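The structure appears below as structure tokens.
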Amino acid sequence: MFNFLSYLTFRPSPELITFALTVLRVSIGILTIGHGIPKMGGIEVWQSLGTTFMGSLGIHFLPVMWGFLGFASEFFGGIMLTVGFGTRFASFALVVMMAVATAWHLQRGDSFNVYSFPLSLIFVYLTFMLIGSGPYSLERYLLGR
């Protein structure tokens, strides 16, 4: 008979932990791509993004570049997370992106319920900066590490 309490307290195997982290990496990667797609719009969209987000932090130069970097971080970084290639690099870019998003929400005076999402993602991306892609990844397949 299934004992619910023993399920809650069992120690997962290293293989199960690896699989769970892979599921998290892939699912967060797909969600990140979804947030990057609307930013794909081109120079006008990147100008608006850069002006809005970086301008609120007091950075007023090269808004198109900042907007493009925001798009590239989410879209290409999400792809990199999903396939597990360059995960640490992508995660670093996404930590920076989410730090900017969190700061923007705080500067606007948004409530915790609003800025807690990008703040939470900082910790998820930091985790992948620390652990990398894992064994179920394109990086492991191609580079063998």
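Identifiers for the structure tokens are assigned positionally: chains receive A, B, ... in sequence, residues are indexed from 1 per chain, and ligands are indexed from 1 in the order shown.
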Could you pull the residues within 10 Å of Val96 of chain A, counting only C-alpha atoms, minus those fewer than 3 positions along the same chain, as a PyMOL selection string? chain A and resi 70+73+91-93+99-102+122+125
Any chance you can output those residues with N, CA, C and O atoms as a compact mmCIF listing (two decimals), in the first residue's frame?
# COMPACT_ATOMS: atom_id res chain seq x y z
N GLY A 70 18.28 42.57 -24.20
CA GLY A 70 17.16 42.00 -23.44
C GLY A 70 16.46 40.91 -24.23
O GLY A 70 16.19 39.82 -23.71
N SER A 73 18.92 37.89 -24.62
CA SER A 73 19.07 37.16 -23.36
C SER A 73 17.91 36.21 -23.15
O SER A 73 18.12 35.04 -22.80
N SER A 91 22.60 31.60 -18.38
CA SER A 91 22.05 31.88 -17.05
C SER A 91 22.58 33.19 -16.50
O SER A 91 21.84 33.95 -15.87
N PHE A 92 23.86 33.48 -16.74
CA PHE A 92 24.41 34.75 -16.29
C PHE A 92 23.68 35.92 -16.95
O PHE A 92 23.28 36.88 -16.28
N ALA A 93 23.50 35.83 -18.27
CA ALA A 93 22.78 36.90 -18.99
C ALA A 93 21.36 37.04 -18.46
O ALA A 93 20.85 38.16 -18.32
N ALA A 99 17.57 40.92 -12.95
CA ALA A 99 17.94 41.96 -11.99
C ALA A 99 17.45 43.32 -12.49
O ALA A 99 16.92 44.13 -11.70
N VAL A 100 17.60 43.58 -13.78
CA VAL A 100 17.09 44.83 -14.37
C VAL A 100 15.56 44.88 -14.24
O VAL A 100 15.00 45.91 -13.86
N ALA A 101 14.90 43.77 -14.55
CA ALA A 101 13.43 43.73 -14.45
C ALA A 101 12.97 43.97 -13.01
O ALA A 101 12.03 44.73 -12.77
N THR A 102 13.64 43.34 -12.06
CA THR A 102 13.28 43.52 -10.65
C THR A 102 13.49 44.98 -10.24
O THR A 102 12.62 45.58 -9.60
N ILE A 122 15.75 35.00 -10.75
CA ILE A 122 17.17 35.23 -10.48
C ILE A 122 17.76 34.00 -9.79
O ILE A 122 18.83 33.51 -10.15
N TYR A 125 17.95 30.94 -12.18
CA TYR A 125 19.06 31.07 -13.12
C TYR A 125 20.40 30.96 -12.40
O TYR A 125 21.36 30.40 -12.94
Name the residues in contact with Phe123 of chain A at a cut-off of 10 Å, using only C-alpha atoms, excluding same-chain residues fewer than 6 positions from it; report them as a ChimeraX atom specification. /A:95,98,129
Write out, as an mmCIF file, in the first residue's frame, the residues just selected, with N, CA, C and O atoms.
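Okay, this is what ended up in result.cif:
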data_model
loop_
_atom_site.group_PDB
_atom_site.id
_atom_site.type_symbol
_atom_site.label_atom_id
_atom_site.label_comp_id
_atom_site.auth_asym_id
_atom_site.auth_seq_id
_atom_site.Cartn_x
_atom_site.Cartn_y
_atom_site.Cartn_z
ATOM 1 N N VAL A 95 20.295 36.242 -15.402
ATOM 2 C CA VAL A 95 20.339 36.836 -14.058
ATOM 3 C C VAL A 95 20.389 38.353 -14.181
ATOM 4 O O VAL A 95 19.659 39.073 -13.486
ATOM 5 N N MET A 98 16.970 39.652 -15.331
ATOM 6 C CA MET A 98 15.965 39.631 -14.260
ATOM 7 C C MET A 98 16.290 40.633 -13.159
ATOM 8 O O MET A 98 15.383 41.170 -12.521
ATOM 9 N N MET A 129 23.572 28.557 -13.150
ATOM 10 C CA MET A 129 24.945 29.038 -13.264
ATOM 11 C C MET A 129 25.871 28.137 -12.450
ATOM 12 O O MET A 129 26.994 27.852 -12.853
#
Kindly assemble as CSV a list of the segment 47-101 of chain A residues that lie within 12 Å of segment 9-23 of chain A, each paired with its nearest atom pair and their distance in Å to one decimal, using only C-alpha atoms, sorted first by chain and then by ascending residue number.
residue,atom,partner,partner_atom,distance
A:Leu81,CA,A:Thr22,CA,9.7
A:Thr82,CA,A:Thr22,CA,8.9
A:Val83,CA,A:Thr22,CA,9.8
A:Gly84,CA,A:Thr22,CA,8.7
A:Thr87,CA,A:Thr22,CA,11.6
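The environment of His35 of chain A within 9 Å, counting only C-alpha atoms and disregarding residues fewer than 4 places along the same chain, consists of Ile30, Leu31, Lys39, Phe71, Glu74, Phe75 and Gly78 of chain A.
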Among segment 16-137 of chain A, which residues does DSSP mark as helix (DSSP H, G or I) when it is run on the backbone? Keep the chain and numbering as in the structure and answer as a ChimeraX atom specification. /A:16-40,43-55,63-83,87-108,112-131
Nearby residues (only C-alpha atoms) at most 9 Å from Leu49 of chain A, same-chain spacing under 2 positions excluded, as a list in words: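 The filter keeps Lys39, Glu44, Val45, Trp46, Gln47, Thr51, Thr52, Phe53, Met54, Pro63, Val64, Trp66, Gly67, Phe68, Gly70 and Phe71 of chain A.
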Please report the interatomic distance between atom CA of Gly50 of chain A and atom CA of Leu94 of chain A in Å with one decimal.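 Distance between the two atoms: 15.7 Å.
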Which of these residues is nearest to Gly55 of chain A, using only C-alpha atoms: A:Trp104, A:Ser6, A:Phe128, A:Ser27? A:Trp104
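With only C-alpha atoms as the atoms that count, the minimum distance from Ile43 of chain A to the choices A:Met65, A:Leu126, A:Leu106, A:Ala90 is reached by A:Met65.
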Could you pull the residues within 9 Å of Phe85 of chain A, counting only C-alpha atoms, minus those fewer than 5 positions along the same chain, as a list in words?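 Using only C-alpha atoms, the neighbours found are Ile79, Met80, Ala90, Gly132, Ser133, Ser137, Leu138, Glu139 and Arg140 of chain A.
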Could the residues in this selection be saved with N, CA and C atoms as a PDB file, in the first residue's frame?
ATOM      1  N   ILE A  79      16.651  29.344 -25.418  1.00  0.00           N
ATOM      2  CA  ILE A  79      16.994  28.211 -26.293  1.00  0.00           C
ATOM      3  C   ILE A  79      18.193  27.466 -25.718  1.00  0.00           C
ATOM      4  N   MET A  80      19.200  28.204 -25.291  1.00  0.00           N
ATOM      5  CA  MET A  80      20.402  27.584 -24.737  1.00  0.00           C
ATOM      6  C   MET A  80      20.073  26.765 -23.487  1.00  0.00           C
ATOM      7  N   ALA A  90      24.326  31.551 -20.563  1.00  0.00           N
ATOM      8  CA  ALA A  90      22.947  32.005 -20.735  1.00  0.00           C
ATOM      9  C   ALA A  90      22.340  32.391 -19.397  1.00  0.00           C
ATOM     10  N   GLY A 132      25.318  24.093 -14.028  1.00  0.00           N
ATOM     11  CA  GLY A 132      25.513  23.882 -15.459  1.00  0.00           C
ATOM     12  C   GLY A 132      24.372  23.102 -16.091  1.00  0.00           C
ATOM     13  N   SER A 133      24.657  22.497 -17.238  1.00  0.00           N
ATOM     14  CA  SER A 133      23.630  21.843 -18.041  1.00  0.00           C
ATOM     15  C   SER A 133      23.217  20.480 -17.523  1.00  0.00           C
ATOM     16  N   SER A 137      22.048  16.837 -21.779  1.00  0.00           N
ATOM     17  CA  SER A 137      22.192  18.137 -22.431  1.00  0.00           C
ATOM     18  C   SER A 137      22.980  18.003 -23.722  1.00  0.00           C
ATOM     19  N   LEU A 138      22.786  18.971 -24.594  1.00  0.00           N
ATOM     20  CA  LEU A 138      23.551  19.029 -25.834  1.00  0.00           C
ATOM     21  C   LEU A 138      25.030  19.239 -25.529  1.00  0.00           C
ATOM     22  N   GLU A 139      25.311  20.024 -24.520  1.00  0.00           N
ATOM     23  CA  GLU A 139      26.692  20.270 -24.122  1.00  0.00           C
ATOM     24  C   GLU A 139      27.404  18.965 -23.761  1.00  0.00           C
ATOM     25  N   ARG A 140      26.774  18.126 -22.980  1.00  0.00           N
ATOM     26  CA  ARG A 140      27.369  16.840 -22.593  1.00  0.00           C
ATOM     27  C   ARG A 140      27.536  15.948 -23.813  1.00  0.00           C
TER      28      ARG A 140
END
Between atom CA of Ser56 of chain A and atom CA of Phe112 of chain A, what is the spacing in Å? 18.5 Å
Could you tell me how far atom CA of Phe117 of chain A lies from atom CA of Leu57 of chain A, in Å and to one decimal?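 Between atom CA of Phe117 of chain A and atom CA of Leu57 of chain A the gap is 19.1 Å.
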